[in-house]
>>> print(open('run.tsv').read())   # TSV, C-alpha atoms and all ligand atoms
chain	number	residue	atom	x	y	z
A	20	MET	CA	98.79	76.99	104.73
A	21	TRP	CA	95.79	79.19	105.50
A	22	ARG	CA	95.85	80.72	102.06
A	23	SER	CA	95.79	77.36	100.37
A	24	ALA	CA	92.98	76.02	102.61
A	25	ILE	CA	90.83	79.12	102.09
A	26	VAL	CA	91.38	79.19	98.33
A	27	ARG	CA	90.40	75.52	98.11
A	28	VAL	CA	87.24	76.06	100.18
A	29	ALA	CA	86.35	79.13	98.11
A	30	GLN	CA	86.54	77.06	94.93
A	31	LEU	CA	83.89	74.62	96.19
A	32	PRO	CA	80.62	75.21	94.29
A	33	TRP	CA	78.47	75.33	97.45
A	34	PHE	CA	80.76	77.93	99.02
A	35	ARG	CA	80.70	80.05	95.88
A	36	ARG	CA	76.89	79.86	95.89
A	37	LEU	CA	76.78	80.96	99.53
A	38	ALA	CA	79.14	83.86	98.87
A	39	THR	CA	77.53	85.14	95.69
A	40	GLN	CA	73.85	84.41	96.19
A	41	THR	CA	73.16	85.04	99.86
A	42	PRO	CA	72.92	88.31	101.81
A	43	PRO	CA	75.85	87.43	104.16
A	44	GLY	CA	78.09	86.66	101.19
A	45	ARG	CA	77.17	89.93	99.56
A	46	ALA	CA	77.70	91.76	102.86
A	47	VAL	CA	81.30	90.53	102.99
A	48	ALA	CA	81.83	91.41	99.33
A	49	SER	CA	80.53	94.93	99.87
A	50	ARG	CA	83.34	95.54	102.33
A	51	PHE	CA	85.91	95.05	99.54
A	52	VAL	CA	83.98	95.96	96.37
A	53	ALA	CA	82.66	99.47	95.75
A	54	GLY	CA	79.54	98.25	93.93
A	55	GLU	CA	78.45	96.61	90.73
A	56	THR	CA	78.34	99.78	88.62
A	57	LEU	CA	80.76	102.45	87.41
A	58	ALA	CA	78.50	105.08	89.03
A	59	GLU	CA	79.05	103.45	92.43
A	60	ALA	CA	82.81	103.30	91.89
A	61	MET	CA	82.87	106.97	90.87
A	62	ALA	CA	80.89	107.91	93.99
A	63	VAL	CA	83.59	106.23	96.10
A	64	ALA	CA	86.32	107.97	94.08
A	65	ARG	CA	84.67	111.35	94.67
A	66	SER	CA	84.35	110.82	98.38
A	67	LEU	CA	88.01	109.70	98.60
A	68	ARG	CA	89.01	112.80	96.62
A	69	ASP	CA	87.28	114.91	99.31
A	70	GLU	CA	89.64	113.29	101.83
A	71	GLY	CA	92.68	114.05	99.67
A	72	ILE	CA	92.99	110.46	98.38
A	73	ALA	CA	93.39	109.61	94.67
A	74	SER	CA	91.83	106.56	93.06
A	75	ILE	CA	92.49	103.76	90.63
A	76	LEU	CA	89.44	102.01	89.19
A	77	ASP	CA	89.42	98.28	88.58
A	78	HIS	CA	86.56	96.92	86.49
A	79	LEU	CA	86.48	93.40	87.92
A	80	GLY	CA	86.93	90.39	85.71
A	81	GLU	CA	89.65	87.92	84.71
A	82	ASN	CA	90.20	84.87	82.51
A	83	VAL	CA	87.37	85.74	80.14
A	84	GLU	CA	86.15	82.87	78.01
A	85	THR	CA	85.05	84.58	74.79
A	86	PRO	CA	86.29	87.45	72.58
A	87	VAL	CA	82.96	89.18	73.22
A	88	GLN	CA	83.66	89.24	76.96
A	89	ALA	CA	87.11	90.72	76.33
A	90	LEU	CA	85.59	93.35	74.07
A	91	SER	CA	83.02	94.18	76.69
A	92	ALA	CA	85.83	94.63	79.30
A	93	ARG	CA	87.59	97.01	76.91
A	94	GLU	CA	84.37	99.01	76.50
A	95	ALA	CA	83.94	99.13	80.27
A	96	TYR	CA	87.44	100.58	80.64
A	97	LEU	CA	86.79	103.17	77.94
A	98	ARG	CA	83.65	104.21	79.85
A	99	ALA	CA	85.69	104.42	83.07
A	100	LEU	CA	88.24	106.67	81.36
A	101	ASP	CA	85.42	108.91	80.08
A	102	ALA	CA	83.95	109.12	83.57
A	103	ILE	CA	87.34	110.07	85.03
A	104	ALA	CA	87.84	112.74	82.36
A	105	ASP	CA	84.29	114.10	82.84
A	106	ALA	CA	84.83	114.34	86.60
A	107	GLY	CA	87.41	117.04	85.91
A	108	ASP	CA	89.30	117.43	89.14
A	109	LEU	CA	89.50	113.73	89.98
A	110	ASP	CA	93.00	112.24	90.09
A	111	GLY	CA	91.90	108.93	88.59
A	112	ALA	CA	93.63	105.98	86.98
A	113	ILE	CA	92.63	102.52	85.83
A	114	ALA	CA	93.97	99.04	86.63
A	115	VAL	CA	93.56	96.34	84.00
A	116	LYS	CA	94.03	92.58	84.05
A	117	LEU	CA	95.33	91.16	80.79
A	118	THR	CA	93.36	87.91	81.10
A	119	GLN	CA	90.27	90.10	81.16
A	120	LEU	CA	91.30	91.53	77.79
A	121	GLY	CA	91.78	88.16	76.10
A	122	LEU	CA	95.31	87.04	77.05
A	123	ASP	CA	94.19	83.40	77.38
A	124	ASP	CA	93.02	83.58	73.77
A	125	ALA	CA	96.14	85.17	72.24
A	126	LEU	CA	98.66	87.91	72.92
A	127	ASP	CA	97.48	89.78	69.82
A	128	VAL	CA	93.84	89.68	70.90
A	129	CYS	CA	94.83	91.10	74.26
A	130	TRP	CA	96.95	93.81	72.65
A	131	ALA	CA	94.14	94.72	70.26
A	132	ASN	CA	91.92	95.35	73.28
A	133	LEU	CA	94.56	97.14	75.33
A	134	ALA	CA	95.79	99.55	72.63
A	135	PRO	CA	92.56	101.61	72.38
A	136	ILE	CA	92.48	101.84	76.17
A	137	LEU	CA	96.04	103.20	76.15
A	138	ASP	CA	95.19	105.70	73.42
A	139	ALA	CA	92.10	106.94	75.28
A	140	ALA	CA	94.12	107.23	78.49
A	141	ALA	CA	96.86	109.14	76.66
A	142	ARG	CA	94.24	111.66	75.49
A	143	SER	CA	92.99	112.30	79.02
A	144	GLY	CA	96.31	111.79	80.83
A	145	ALA	CA	94.98	109.05	83.15
A	146	ARG	CA	97.40	106.33	84.18
A	147	VAL	CA	96.91	102.72	83.08
A	148	MET	CA	98.39	100.14	85.40
A	149	ILE	CA	98.57	96.48	84.39
A	150	ASP	CA	97.88	94.14	87.31
A	151	MET	CA	100.14	91.12	87.71
A	152	GLU	CA	98.25	87.82	87.75
A	153	SER	CA	99.42	84.31	88.62
A	154	HIS	CA	102.86	83.04	87.59
A	155	PRO	CA	101.99	81.51	84.17
A	156	TYR	CA	101.10	85.04	82.99
A	157	VAL	CA	104.22	86.86	84.18
A	158	ASP	CA	106.28	86.67	80.96
A	159	ALA	CA	103.38	87.72	78.75
A	160	THR	CA	102.38	90.50	81.15
A	161	LEU	CA	105.89	91.92	81.26
A	162	SER	CA	106.24	91.80	77.49
A	163	ILE	CA	102.90	93.55	76.96
A	164	ALA	CA	103.85	96.10	79.64
A	165	VAL	CA	106.98	97.00	77.64
A	166	ARG	CA	104.86	97.59	74.51
A	167	ALA	CA	102.24	99.48	76.49
A	168	HIS	CA	104.85	101.78	78.00
A	169	GLU	CA	106.31	102.45	74.54
A	170	ARG	CA	102.88	103.41	73.26
A	171	TYR	CA	101.91	105.49	76.31
A	172	ALA	CA	104.38	106.65	78.95
A	173	GLY	CA	101.56	106.71	81.52
A	174	ALA	CA	101.26	102.91	81.40
A	175	GLY	CA	102.91	100.79	84.08
A	176	VAL	CA	102.86	97.33	85.61
A	177	ALA	CA	102.64	95.53	88.96
A	178	ILE	CA	105.39	93.20	90.18
A	179	GLN	CA	105.14	90.69	93.02
A	180	ALA	CA	107.71	90.44	95.81
A	181	TYR	CA	106.76	86.85	96.71
A	182	LEU	CA	107.91	85.48	93.35
A	183	MET	CA	111.60	84.64	93.42
A	184	ARG	CA	112.07	85.60	89.77
A	185	THR	CA	110.92	89.19	90.39
A	186	GLU	CA	114.28	90.43	91.67
A	187	GLY	CA	115.69	89.62	88.22
A	188	ASP	CA	112.64	90.97	86.37
A	189	ALA	CA	113.05	94.32	88.11
A	190	PHE	CA	116.21	94.94	86.09
A	191	GLU	CA	114.42	94.33	82.79
A	192	LEU	CA	111.66	96.91	83.22
A	193	PRO	CA	111.63	99.77	80.71
A	194	PRO	CA	113.41	102.87	82.06
A	195	GLY	CA	110.97	105.36	83.54
A	196	CYS	CA	108.10	102.86	83.62
A	197	ARG	CA	105.78	103.22	86.63
A	198	VAL	CA	105.86	100.11	88.81
A	199	ARG	CA	103.38	98.98	91.42
A	200	LEU	CA	105.15	96.92	94.04
A	201	VAL	CA	102.94	94.31	95.77
A	202	LYS	CA	103.58	91.22	97.89
A	203	GLY	CA	101.50	88.95	95.64
A	204	ALA	CA	98.02	87.52	96.09
A	205	TYR	CA	97.84	84.19	94.22
A	206	LEU	CA	98.26	80.65	95.44
A	207	GLU	CA	101.53	79.67	93.77
A	208	PRO	CA	103.68	76.49	93.68
A	209	PRO	CA	105.96	76.58	96.76
A	210	ASP	CA	109.16	76.32	94.71
A	211	LEU	CA	108.45	79.61	92.92
A	212	VAL	CA	107.79	81.85	95.88
A	213	HIS	CA	109.26	82.99	99.17
A	214	ARG	CA	107.24	80.96	101.59
A	215	HIS	CA	107.64	82.95	104.79
A	216	LYS	CA	106.20	86.39	105.37
A	217	ALA	CA	109.56	87.64	106.67
A	218	ASP	CA	111.27	86.64	103.40
A	219	VAL	CA	108.56	88.28	101.30
A	220	ASP	CA	108.97	91.47	103.35
A	221	VAL	CA	112.76	91.46	102.84
A	222	ALA	CA	112.27	90.94	99.09
A	223	PHE	CA	109.73	93.77	99.03
A	224	ALA	CA	112.18	96.14	100.74
A	225	ARG	CA	115.01	95.10	98.42
A	226	LEU	CA	112.84	95.57	95.34
A	227	PHE	CA	111.82	98.99	96.57
A	228	THR	CA	115.50	99.96	96.79
A	229	THR	CA	116.20	98.61	93.30
A	230	LEU	CA	113.25	100.46	91.76
A	231	LEU	CA	114.14	103.67	93.57
A	232	GLN	CA	117.77	103.53	92.45
A	233	ARG	CA	116.74	102.83	88.87
A	234	GLY	CA	114.49	105.90	88.88
A	235	HIS	CA	111.11	104.19	88.43
A	236	PRO	CA	108.00	105.94	89.70
A	237	ILE	CA	106.85	103.51	92.42
A	238	ASP	CA	103.41	102.67	93.80
A	239	VAL	CA	104.05	101.09	97.18
A	240	ALA	CA	100.94	98.91	97.32
A	241	THR	CA	100.75	97.39	100.79
A	242	HIS	CA	98.94	97.79	104.11
A	243	ASP	CA	101.92	96.45	106.02
A	244	PRO	CA	102.73	99.09	108.67
A	245	GLY	CA	106.39	97.99	108.94
A	246	LEU	CA	107.04	98.30	105.20
A	247	ILE	CA	105.11	101.57	105.00
A	248	GLU	CA	107.15	103.03	107.86
A	249	GLY	CA	110.42	101.93	106.22
A	250	VAL	CA	109.43	103.55	102.90
A	251	ARG	CA	108.22	106.70	104.66
A	252	GLU	CA	111.55	107.20	106.47
A	253	ARG	CA	113.54	106.47	103.34
A	254	VAL	CA	111.59	108.77	101.03
A	255	ASP	CA	111.24	111.58	103.60
A	256	ALA	CA	115.04	111.75	103.60
A	257	LEU	CA	115.18	112.35	99.84
A	258	GLU	CA	114.79	115.67	98.15
A	259	ASN	CA	111.57	115.49	96.10
A	260	GLY	CA	111.23	111.79	96.92
A	261	TRP	CA	107.43	111.98	97.06
A	262	SER	CA	107.26	112.97	93.41
A	263	GLN	CA	108.54	109.45	92.67
A	264	VAL	CA	106.66	107.38	95.25
A	265	GLU	CA	103.04	106.99	96.35
A	266	PHE	CA	101.23	104.67	98.73
A	267	GLN	CA	98.40	102.52	97.43
A	268	MET	CA	95.89	100.45	99.35
A	269	LEU	CA	92.78	98.45	98.60
A	270	TYR	CA	89.24	99.71	99.06
A	271	GLY	CA	87.95	98.43	102.40
A	272	VAL	CA	91.37	97.59	103.87
A	273	ARG	CA	93.00	99.75	106.59
A	274	ARG	CA	90.79	102.80	106.01
A	275	ASP	CA	92.37	104.26	109.15
A	276	LEU	CA	95.88	104.03	107.72
A	277	GLN	CA	94.78	105.47	104.36
A	278	ALA	CA	93.24	108.50	106.10
A	279	GLN	CA	96.18	108.88	108.47
A	280	LEU	CA	98.81	108.94	105.71
A	281	ALA	CA	96.72	111.27	103.52
A	282	GLY	CA	96.14	113.52	106.55
A	283	GLN	CA	99.90	113.73	107.05
A	284	GLY	CA	100.25	114.89	103.44
A	285	TYR	CA	101.60	111.69	101.87
A	286	PRO	CA	100.33	110.74	98.39
A	287	VAL	CA	97.79	107.93	98.78
A	288	ARG	CA	95.73	106.22	96.09
A	289	VAL	CA	93.01	103.64	96.71
A	290	TYR	CA	92.32	100.73	94.37
A	291	ILE	CA	88.55	100.67	93.77
A	292	PRO	CA	87.19	97.38	92.38
A	293	TYR	CA	83.68	97.39	90.94
A	294	GLY	CA	81.51	95.25	88.70
A	295	THR	CA	79.58	92.01	88.85
A	296	GLU	CA	82.55	89.62	88.50
A	297	TRP	CA	83.75	90.09	92.05
A	298	TYR	CA	84.04	86.51	93.32
A	299	PRO	CA	87.71	85.73	92.39
A	300	TYR	CA	88.76	89.09	93.81
A	301	LEU	CA	86.85	88.40	97.03
A	302	THR	CA	88.49	84.97	97.27
A	303	ARG	CA	91.94	86.58	97.29
A	304	ARG	CA	90.88	89.05	99.99
A	305	LEU	CA	89.51	86.20	102.15
A	306	ALA	CA	92.72	84.22	101.68
A	307	GLU	CA	94.92	87.12	102.74
A	308	ARG	CA	93.39	87.18	106.16
A	309	PRO	CA	91.70	84.25	107.93
A	310	ALA	CA	89.72	86.78	110.00
A	311	ASN	CA	87.84	87.72	106.81
A	312	LEU	CA	86.58	84.15	106.52
A	313	TRP	CA	85.44	84.34	110.13
A	314	PHE	CA	83.62	87.62	109.30
A	315	PHE	CA	81.87	85.77	106.47
A	316	VAL	CA	80.91	82.77	108.62
A	317	SER	CA	79.69	84.91	111.51
A	318	ASN	CA	77.52	86.96	109.13
A	319	LEU	CA	76.11	83.71	107.80
A	320	MET	CA	75.30	82.43	111.29
A	321	ARG	CA	73.74	85.74	112.33
A	322	THR	CA	71.37	85.88	109.35
A	323	SER	CA	70.41	82.22	109.47
A	324	ARG	CA	69.30	82.45	113.12
B	1	LIG	P1	100.03	91.65	104.56
B	1	LIG	O1	99.26	90.56	103.93
B	1	LIG	O2	101.23	91.29	105.37
B	1	LIG	O3	99.02	92.50	105.44
B	1	LIG	C1	99.43	93.58	106.26
B	1	LIG	C2	98.21	94.05	107.03
B	1	LIG	O4	97.25	94.59	106.12
B	1	LIG	C3	97.46	92.94	107.74
B	1	LIG	O5	97.99	92.68	109.00
B	1	LIG	C4	96.05	93.50	107.80
B	1	LIG	O6	95.94	94.46	108.83
B	1	LIG	C5	95.93	94.24	106.50
B	1	LIG	N1	95.35	93.42	105.44
B	1	LIG	C6	96.01	92.89	104.36
B	1	LIG	N2	95.13	92.24	103.57
B	1	LIG	C7	93.93	92.34	104.15
B	1	LIG	C8	92.62	91.88	103.81
B	1	LIG	N3	92.40	91.18	102.71
B	1	LIG	N4	91.61	92.16	104.65
B	1	LIG	C9	91.80	92.89	105.76
B	1	LIG	N5	93.01	93.36	106.14
B	1	LIG	C10	94.05	93.09	105.35
B	1	LIG	N6	98.48	91.37	94.10
B	1	LIG	C11	98.85	90.77	92.95
B	1	LIG	O7	99.26	89.61	92.97
B	1	LIG	N7	98.79	91.46	91.76
B	1	LIG	C12	98.39	92.76	91.69
B	1	LIG	O8	98.37	93.35	90.61
B	1	LIG	C13	97.98	93.40	92.90
B	1	LIG	N8	97.56	94.69	92.91
B	1	LIG	C14	97.36	95.34	94.11
B	1	LIG	C15	97.07	96.71	94.14
B	1	LIG	C16	96.99	97.36	95.36
B	1	LIG	C17	96.72	98.84	95.36
B	1	LIG	C18	97.18	96.66	96.57
B	1	LIG	C19	97.15	97.36	97.91
B	1	LIG	C20	97.40	95.32	96.55
B	1	LIG	C21	97.48	94.63	95.34
B	1	LIG	N9	97.70	93.26	95.30
B	1	LIG	C22	98.05	92.66	94.11
B	1	LIG	C23	97.51	92.43	96.53
B	1	LIG	C24	98.82	92.21	97.26
B	1	LIG	O9	99.64	91.33	96.54
B	1	LIG	C25	98.58	91.61	98.67
B	1	LIG	O10	97.98	90.36	98.53
B	1	LIG	C26	97.70	92.46	99.58
B	1	LIG	O11	98.02	93.81	99.47
B	1	LIG	C27	97.88	92.05	101.07
B	1	LIG	O12	99.20	92.16	101.42
B	1	LIG	P2	99.85	93.38	102.26
B	1	LIG	O13	100.96	93.92	101.45
B	1	LIG	O14	98.82	94.37	102.63
B	1	LIG	O15	100.54	92.70	103.49
>>> encode(input="run.tsv", output="structure tokens", more="lines below")
Ligand code: FDA
Amino acid sequence: MWRSAIVRVAQLPWFRRLATQTPPGRAVASRFVAGETLAEAMAVARSLRDEGIASILDHLGENVETPVQALSAREAYLRALDAIADAGDLDGAIAVKLTQLGLDDALDVCWANLAPILDAAARSGARVMIDMESHPYVDATLSIAVRAHERYAGAGVAIQAYLMRTEGDAFELPPGCRVRLVKGAYLEPPDLVHRHKADVDVAFARLFTTLLQRGHPIDVATHDPGLIEGVRERVDALENGWSQVEFQMLYGVRRDLQAQLAGQGYPVRVYIPYGTEWYPYLTRRLAERPANLWFFVSNLMRTSR
């Protein structure tokens, strides 16, 4: 209910203006977004590296409207891969959204933009993870992920525990393909998703078991302490389990937990979004937690006094 109300408010033009063009809006965004430039994202990646935390860079943008925008996203990712390679000892990766690479235009356009990114990543050895977007894109995303994994074994894809179809999709993933397991961040039709948090959590745990048994490298991408504890116990009990599983969290969310897990020697990677197109990403972060909206409103009230 909250998610749907917040997403609807965030889509109102006046709210978007407040969030993107006023200091309080930008203050909230800066909690979740590393900056508008690659240099700022790399600075965050380097400071995380010093804490023993790896990174995955996300050049923000989605649902581009022109081929030129898709091309410019591809160039941005090639620059990110260069920066990761130049940094030498940085364990970096990139996360791409297919609608940023032209998926709304055509599958072939998207593939033509993704393929050079995969080839550049293959040369440097950086991982390429394909984000999962809202439900109309799932089939296309999974089919492109299969092709991407064939072209470069370091390419993988995110799957969403809240979607009911995902438990079937998990059996169709290419063997050995890296999978990022998330709860799911989009406002979806109620008949397609598990509607209660408890059911999403059960699906997440079941999917983790499926992926583990099928031998996929797994990115456990959640800040949920209960799920993290369950995975920790399970993987600790396996011989070499941590070569197959890593924890991933978002920049600006549960910094304490990120540092704690890394300090205990668990593999942790932080998703670092950067770029100017941060509003849709911020909307999802606000919708995940009503307290974030309160943070935004209280900042607004403080600065307007
Ligand atoms: P849950 O929402 O239950 O939150 C657990 C706890 O985490 C909360 O109690 C709170 O403490 C903290 N928390 C969670 N979100 C917060 C926020 N926004 N602000 C402050 N605290 C917060 N989704 C998707 O659909 N496609 C994708 O490709 C990805 N990719 C992705 C990569 C990575 C690395 C992560 C961590 C997440 C994603 N997601 C995603 C987002 C994911 O689907 C989900 O919406 C968020 O991770 C929030 O859900 P949690 O699993 O953290 O659990």
>>> closest_atom_pairs(input="run.tsv", of="chain A", to="ligand LIG 1 (chain B)", cutoff="9 Å", atoms="only C-alpha atoms and all ligand atoms", output="CSV")
residue,atom,partner,partner_atom,distance
A:Phe51,CA,B:LIG1,N4,8.2
A:Ile75,CA,B:LIG1,C17,8.0
A:Ala114,CA,B:LIG1,O8,8.2
A:Val115,CA,B:LIG1,O8,8.7
A:Lys116,CA,B:LIG1,O8,7.9
A:Met148,CA,B:LIG1,O8,8.6
A:Ile149,CA,B:LIG1,O8,7.0
A:Asp150,CA,B:LIG1,O8,3.4
A:Met151,CA,B:LIG1,O8,4.1
A:Glu152,CA,B:LIG1,N7,5.4
A:Ser153,CA,B:LIG1,O7,6.9
A:Val176,CA,B:LIG1,O8,7.8
A:Ala177,CA,B:LIG1,O8,5.1
A:Ile178,CA,B:LIG1,N7,7.0
A:Gln179,CA,B:LIG1,O7,6.0
A:Ala180,CA,B:LIG1,O9,8.2
A:Tyr181,CA,B:LIG1,O9,8.4
A:Arg199,CA,B:LIG1,C15,7.2
A:Leu200,CA,B:LIG1,C14,7.9
A:Val201,CA,B:LIG1,O9,4.5
A:Lys202,CA,B:LIG1,O9,4.2
A:Gly203,CA,B:LIG1,O9,3.2
A:Ala204,CA,B:LIG1,O10,3.7
A:Tyr205,CA,B:LIG1,O7,5.7
A:Lys216,CA,B:LIG1,O2,7.0
A:Val219,CA,B:LIG1,O2,8.9
A:Asp220,CA,B:LIG1,O2,8.0
A:Asp238,CA,B:LIG1,C17,7.9
A:Val239,CA,B:LIG1,C19,7.9
A:Ala240,CA,B:LIG1,C19,4.1
A:Thr241,CA,B:LIG1,O13,3.5
A:His242,CA,B:LIG1,O14,3.7
A:Asp243,CA,B:LIG1,C1,3.8
A:Pro244,CA,B:LIG1,C1,6.9
A:Gly245,CA,B:LIG1,C1,8.7
A:Leu246,CA,B:LIG1,O13,8.4
A:Phe266,CA,B:LIG1,C17,8.1
A:Gln267,CA,B:LIG1,C17,4.5
A:Met268,CA,B:LIG1,C19,3.6
A:Leu269,CA,B:LIG1,C19,4.6
A:Tyr270,CA,B:LIG1,C19,8.3
A:Gly271,CA,B:LIG1,C9,7.5
A:Val272,CA,B:LIG1,N5,5.1
A:Arg273,CA,B:LIG1,C5,6.2
A:Arg288,CA,B:LIG1,C17,7.5
A:Val289,CA,B:LIG1,C17,6.2
A:Tyr290,CA,B:LIG1,C17,4.9
A:Ile291,CA,B:LIG1,C17,8.5
A:Leu301,CA,B:LIG1,N3,8.4
A:Arg303,CA,B:LIG1,N3,7.1
A:Arg304,CA,B:LIG1,N3,3.8
A:Leu305,CA,B:LIG1,N3,5.8
A:Ala306,CA,B:LIG1,N3,7.0
A:Glu307,CA,B:LIG1,N3,4.8
A:Arg308,CA,B:LIG1,C8,5.3
A:Pro309,CA,B:LIG1,N4,8.6
A:Ala310,CA,B:LIG1,C9,7.7
A:Asn311,CA,B:LIG1,N4,6.2
>>> residues_around(input="run.tsv", residues="A:Ala53", least_positions_apart="5", cutoff="8 Å", atoms="all atoms listed in the file", output="list in words")
Glu59, Ala60, Val63, Tyr270, Ile291, Pro292 and Tyr293 of chain A
>>> closest_residue(input="run.tsv", among="A:Val264, A:Ala112, A:Ala281, A:Val316", to="A:Asp69", atoms="only C-alpha atoms")
A:Ala281
>>> residues_around(input="run.tsv", residues="A:Leu57", least_positions_apart="4", cutoff="9 Å", atoms="only C-alpha atoms", output="list in words")
Met61, Ala62, Leu76, His78, Ala95, Arg98, Ala99, Ala102, Tyr293 and Gly294 of chain A
